[in-house]
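S.K.: Supplied structure: input22.json, JSON, C-alpha atoms.
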```
[["chain", "number", "residue", "atom", "x", "y", "z"],
["J", 1129, "MET", "CA", -9.26, -12.66, 21.35],
["J", 1130, "ARG", "CA", -5.89, -13.45, 19.80],
["J", 1131, "THR", "CA", -7.52, -15.77, 17.24],
["J", 1132, "PHE", "CA", -9.96, -13.03, 16.23],
["J", 1133, "ARG", "CA", -7.13, -10.51, 15.82],
["J", 1134, "TYR", "CA", -5.16, -13.01, 13.76],
["J", 1135, "ALA", "CA", -8.17, -13.68, 11.49],
["J", 1136, "VAL", "CA", -8.83, -9.95, 11.01],
["J", 1137, "SER", "CA", -5.13, -9.44, 10.32],
["J", 1138, "TRP", "CA", -5.24, -12.09, 7.59],
["J", 1139, "GLY", "CA", -8.36, -10.53, 6.06],
["J", 1140, "ILE", "CA", -6.84, -7.06, 5.91],
["J", 1141, "ALA", "CA", -3.54, -8.45, 4.64],
["J", 1142, "LEU", "CA", -5.24, -10.32, 1.80],
["J", 1143, "ALA", "CA", -7.28, -7.24, 0.86],
["J", 1144, "LEU", "CA", -4.20, -5.00, 0.82],
["J", 1145, "ALA", "CA", -2.14, -7.52, -1.16],
["J", 1146, "ALA", "CA", -4.96, -7.88, -3.71],
["J", 1147, "MET", "CA", -5.14, -4.11, -4.13],
["J", 1148, "PHE", "CA", -1.36, -3.85, -4.52],
["J", 1149, "LEU", "CA", -1.43, -6.52, -7.22],
["J", 1150, "HIS", "CA", -4.38, -4.82, -8.89],
["J", 1151, "LEU", "CA", -2.63, -1.45, -8.94],
["J", 1152, "THR", "CA", 0.66, -2.77, -10.26],
["J", 1153, "LEU", "CA", 0.25, -5.96, -12.27],
["J", 1154, "HIS", "CA", -3.20, -7.26, -13.00],
["J", 1155, "PRO", "CA", -6.19, -4.97, -13.40],
["J", 1156, "TRP", "CA", -9.77, -6.07, -12.99],
["J", 1157, "PRO", "CA", -11.49, -7.14, -16.21],
["J", 1158, "ALA", "CA", -11.78, -4.28, -18.72],
["J", 1159, "PRO", "CA", -9.32, -1.93, -16.97],
["J", 1160, "VAL", "CA", -9.54, 1.80, -17.34],
["J", 1161, "ALA", "CA", -6.61, 3.08, -19.37],
["J", 1162, "GLY", "CA", -4.06, 4.78, -17.14],
["J", 1163, "ASP", "CA", -4.60, 2.73, -13.97],
["J", 1164, "VAL", "CA", -2.00, -0.07, -14.06],
["J", 1165, "LYS", "CA", 1.53, 0.99, -13.16],
["J", 1166, "PHE", "CA", 3.57, -1.62, -15.01],
["J", 1167, "PHE", "CA", 1.56, -2.00, -18.22],
["J", 1168, "ASP", "CA", 0.59, 1.53, -19.19],
["J", 1169, "PRO", "CA", 2.67, 3.11, -21.97],
["J", 1170, "PRO", "CA", 5.01, 5.93, -20.86],
["J", 1171, "GLY", "CA", 3.08, 9.11, -20.23],
["J", 1172, "GLN", "CA", -0.30, 7.36, -20.04],
["J", 1173, "HIS", "CA", -0.69, 6.62, -16.31],
["J", 1174, "ALA", "CA", -3.28, 9.09, -15.03],
["J", 1175, "VAL", "CA", -1.74, 9.92, -11.66],
["J", 1176, "PHE", "CA", 1.94, 10.00, -12.54],
["J", 1177, "ALA", "CA", 1.41, 11.82, -15.84],
["J", 1178, "ALA", "CA", -0.55, 14.53, -14.00],
["J", 1179, "LEU", "CA", 2.21, 14.77, -11.39],
["J", 1180, "ALA", "CA", 4.89, 15.12, -14.06],
["J", 1181, "GLU", "CA", 2.88, 17.70, -15.99],
["J", 1182, "LYS", "CA", 1.84, 19.91, -13.06],
["J", 1183, "SER", "CA", 5.09, 19.74, -11.10],
["J", 1184, "GLY", "CA", 7.49, 19.92, -14.03],
["J", 1185, "ILE", "CA", 9.49, 17.01, -12.56],
["J", 1186, "THR", "CA", 9.83, 14.52, -15.38],
["J", 1187, "LEU", "CA", 11.05, 11.74, -13.07],
["J", 1188, "PHE", "CA", 7.47, 11.10, -11.94],
["J", 1189, "GLU", "CA", 6.61, 9.48, -15.27],
["J", 1190, "PRO", "CA", 7.68, 6.71, -15.98],
["J", 1191, "ALA", "CA", 10.53, 6.29, -13.44],
["J", 1192, "GLY", "CA", 8.50, 7.28, -10.37],
["J", 1193, "ARG", "CA", 5.68, 5.01, -11.46],
["J", 1194, "PHE", "CA", 7.97, 1.97, -11.68],
["J", 1195, "VAL", "CA", 9.64, 2.72, -8.33],
["J", 1196, "ALA", "CA", 6.22, 3.06, -6.69],
["J", 1197, "GLY", "CA", 5.12, -0.20, -8.32],
["J", 1198, "LEU", "CA", 8.18, -2.05, -7.05],
["J", 1199, "LEU", "CA", 7.65, -0.71, -3.53],
["J", 1200, "GLU", "CA", 4.02, -1.83, -3.69],
["J", 1201, "LEU", "CA", 5.02, -5.34, -4.76],
["J", 1202, "VAL", "CA", 7.58, -5.56, -1.93],
["J", 1203, "ALA", "CA", 4.93, -4.39, 0.54],
["J", 1204, "ALA", "CA", 2.45, -6.97, -0.81],
["J", 1205, "ILE", "CA", 4.94, -9.79, -0.32],
["J", 1206, "LEU", "CA", 5.86, -8.62, 3.19],
["J", 1207, "ILE", "CA", 2.18, -8.24, 4.14],
["J", 1208, "LEU", "CA", 1.40, -11.80, 3.07],
["J", 1209, "LEU", "CA", 4.09, -13.25, 5.36],
["J", 1210, "PRO", "CA", 2.93, -13.13, 9.00],
["J", 1211, "PHE", "CA", 6.41, -12.62, 10.49],
["J", 1212, "SER", "CA", 7.02, -9.52, 8.31],
["J", 1213, "ARG", "CA", 3.47, -8.20, 8.20],
["J", 1214, "ARG", "CA", 4.17, -5.16, 10.37],
["J", 1215, "LEU", "CA", 7.09, -4.08, 8.16],
["J", 1216, "GLY", "CA", 4.90, -4.46, 5.09],
["J", 1217, "ALA", "CA", 2.18, -2.42, 6.77],
["J", 1218, "VAL", "CA", 4.69, 0.34, 7.59],
["J", 1219, "ILE", "CA", 5.78, 0.44, 3.94],
["J", 1220, "ALA", "CA", 2.11, 0.52, 2.88],
["J", 1221, "VAL", "CA", 1.44, 3.41, 5.27],
["J", 1222, "LEU", "CA", 4.36, 5.31, 3.74],
["J", 1223, "ILE", "CA", 3.15, 4.60, 0.19],
["J", 1224, "PHE", "CA", -0.47, 5.55, 0.79],
["J", 1225, "GLY", "CA", 0.42, 8.46, 3.09],
["J", 1226, "THR", "CA", 2.53, 9.87, 0.27],
["J", 1227, "GLY", "CA", -0.36, 9.28, -2.13],
["J", 1228, "VAL", "CA", -2.82, 11.13, 0.10],
["J", 1229, "ALA", "CA", -0.33, 13.98, 0.61],
["J", 1230, "LEU", "CA", 0.19, 14.29, -3.16],
["J", 1231, "HIS", "CA", -3.57, 14.31, -3.73],
["J", 1232, "LEU", "CA", -3.88, 17.14, -1.23],
["J", 1233, "SER", "CA", -1.05, 19.09, -2.87],
["J", 1234, "PRO", "CA", -1.60, 21.57, -5.70],
["J", 1235, "TRP", "CA", 0.37, 19.25, -7.99],
["J", 1236, "LEU", "CA", -2.28, 16.55, -8.14],
["J", 1237, "GLY", "CA", -5.51, 17.60, -6.46],
["J", 1238, "ARG", "CA", -8.34, 15.42, -5.27],
["J", 1239, "GLU", "CA", -9.81, 15.02, -8.74],
["J", 1240, "ILE", "CA", -7.52, 14.01, -11.57],
["J", 1241, "THR", "CA", -8.10, 14.05, -15.29],
["J", 1242, "LEU", "CA", -8.28, 10.60, -16.85],
["J", 1243, "PRO", "CA", -6.68, 9.86, -20.25],
["J", 1244, "ASP", "CA", -10.09, 10.15, -21.95],
["J", 1245, "GLY", "CA", -10.45, 13.74, -20.67],
["J", 1246, "THR", "CA", -13.03, 13.16, -17.93],
["J", 1247, "LEU", "CA", -12.51, 13.72, -14.20],
["J", 1248, "ASP", "CA", -12.36, 10.75, -11.86],
["J", 1249, "GLY", "CA", -14.62, 12.39, -9.27],
["J", 1250, "GLY", "CA", -12.08, 11.86, -6.48],
["J", 1251, "THR", "CA", -12.01, 8.07, -6.84],
["J", 1252, "HIS", "CA", -8.21, 7.79, -6.77],
["J", 1253, "PHE", "CA", -8.07, 9.99, -3.66],
["J", 1254, "LEU", "CA", -10.79, 7.97, -1.91],
["J", 1255, "VAL", "CA", -9.03, 4.68, -2.68],
["J", 1256, "ALA", "CA", -5.75, 6.08, -1.29],
["J", 1257, "VAL", "CA", -7.49, 7.20, 1.93],
["J", 1258, "ILE", "CA", -9.22, 3.83, 2.39],
["J", 1259, "LEU", "CA", -6.02, 1.86, 1.78],
["J", 1260, "LEU", "CA", -4.11, 4.15, 4.16],
["J", 1261, "ALA", "CA", -6.75, 3.46, 6.83],
["J", 1262, "LEU", "CA", -6.52, -0.31, 6.20],
["J", 1263, "SER", "CA", -2.71, -0.18, 6.46],
["J", 1264, "LEU", "CA", -2.90, 1.69, 9.76],
["J", 1265, "LEU", "CA", -5.53, -0.75, 11.02],
["J", 1266, "LEU", "CA", -3.27, -3.67, 10.09],
["J", 1267, "LEU", "CA", -0.50, -2.15, 12.23],
["J", 1268, "VAL", "CA", -2.86, -2.04, 15.20],
["J", 1269, "VAL", "CA", -4.69, -5.33, 14.73],
["J", 1270, "HIS", "CA", -1.88, -7.73, 13.81],
["J", 1271, "PRO", "CA", -0.94, -9.60, 16.98],
["J", 1272, "GLY", "CA", 2.72, -9.63, 17.79],
["J", 1273, "ARG", "CA", 4.60, -12.42, 19.45],
["J", 1274, "SER", "CA", 2.90, -14.13, 22.32],
["J", 1275, "ARG", "CA", 3.88, -12.43, 25.56],
["J", 1276, "THR", "CA", 3.02, -15.29, 27.83],
["J", 1277, "SER", "CA", 5.50, -15.74, 30.58],
["J", 1278, "ARG", "CA", 6.84, -19.18, 31.08],
["J", 1279, "VAL", "CA", 7.88, -20.56, 34.42],
["J", 1280, "LEU", "CA", 11.58, -21.39, 34.58],
["J", 1281, "THR", "CA", 13.05, -24.14, 36.65],
["J", 1282, "PRO", "CA", 15.88, -23.04, 38.95],
["J", 1283, "ALA", "CA", 18.44, -24.66, 36.64],
["J", 1284, "GLN", "CA", 17.08, -22.73, 33.63],
["J", 1285, "TYR", "CA", 17.04, -19.52, 35.63],
["J", 1286, "TRP", "CA", 20.71, -19.82, 36.62],
["J", 1287, "ARG", "CA", 21.75, -20.78, 33.07],
["J", 1288, "GLN", "CA", 20.00, -17.69, 31.75],
["J", 1289, "ALA", "CA", 21.64, -15.33, 34.23]]
```
Mind turning the file's structure into structure tokens?

M.R.:
Amino acid sequence: MRTFRYAVSWGIALALAAMFLHLTLHPWPAPVAGDVKFFDPPGQHAVFAALAEKSGITLFEPAGRFVAGLLELVAAILILLPFSRRLGAVIAVLIFGTGVALHLSPWLGREITLPDGTLDGGTHFLVAVILLALSLLLLVVHPGRSRTSRVLTPAQYWRQA
């Protein structure tokens, strides 16, 4: 059972890390303008530009976008290392939980307007919900340290006490 949990943990970790890298650094071939946090020109990222426009808080674009991108890269690195995977998953839950909350707020909404003027049809919201669910699942599935009890000799017992 532990081997299965470890394999599932690795699968989810690789998927989350790939999505973090996709959202921040390297888009899929032929990326949609306004989807990559680090390479979009200021004011062109679809989500953060909408947040800045509707909320009136100018820190969302571009400063908030870069802070979110850095947090996502830190979470990706922590998720890839087995000994820090739970911490990375907690950071991912915070990132995607905030994303879902912002999509449910009047500032962003479930459908956002893309730079070409069309609506995304709720795709960004759906991706945030799926990645939040994967992050929560990683917290549950990743096996912790082995809790096997070892038998101590009397000398080891008295040294420990």

S.K.: What is the CA of Ala1256 (chain J)-CA of His1231 (chain J) distance in Å, reported with one decimal?

M.R.: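 So the two atoms, CA of Ala1256 (chain J) and CA of His1231 (chain J), lie 8.9 Å apart.
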
S.K.: Residues proximal to (4.1, -14.4, -2.3) were defined as those with any atom within 12 Å of that point in the file's coordinates, counting all atoms listed in the file. Which are they, as a short mmCIF file (atom, residue, chain, number, x, y, z; two decimals) with C-alpha atoms, in the coordinates of the input?

M.R.:
```cif
data_model
loop_
_atom_site.label_atom_id
_atom_site.label_comp_id
_atom_site.auth_asym_id
_atom_site.auth_seq_id
_atom_site.Cartn_x
_atom_site.Cartn_y
_atom_site.Cartn_z
CA ALA J 1141 -3.54 -8.45 4.64
CA LEU J 1142 -5.24 -10.32 1.80
CA ALA J 1145 -2.14 -7.52 -1.16
CA ALA J 1146 -4.96 -7.88 -3.71
CA LEU J 1149 -1.43 -6.52 -7.22
CA LEU J 1201 5.02 -5.34 -4.76
CA VAL J 1202 7.58 -5.56 -1.93
CA ALA J 1203 4.93 -4.39 0.54
CA ALA J 1204 2.45 -6.97 -0.81
CA ILE J 1205 4.94 -9.79 -0.32
CA LEU J 1206 5.86 -8.62 3.19
CA ILE J 1207 2.18 -8.24 4.14
CA LEU J 1208 1.40 -11.80 3.07
CA LEU J 1209 4.09 -13.25 5.36
CA PRO J 1210 2.93 -13.13 9.00
#
```

S.K.: Considering only C-alpha atoms, can you say which of J:Leu1259, J:Ser1183, J:Leu1247, J:Thr1131 comes closest to Leu1222 (chain J)?

M.R.: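 The closest residue to Leu1222 (chain J) is J:Leu1259.
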
S.K.: Of the candidates J:Ser1263, J:Leu1199, J:Gly1139, J:Asp1168, which shows the shortest atom-to-atom distance to Val1218 (chain J), using all atoms listed in the file?

M.R.: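 Selected residue with least distance to Val1218 (chain J): J:Ser1263.
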
S.K.: Name the closest residue to Ala1191 (chain J) among the candidates J:Val1279, J:Val1257, J:Arg1213, J:Phe1166; distances are taken between atoms, counting all atoms listed in the file.

M.R.: J:Phe1166
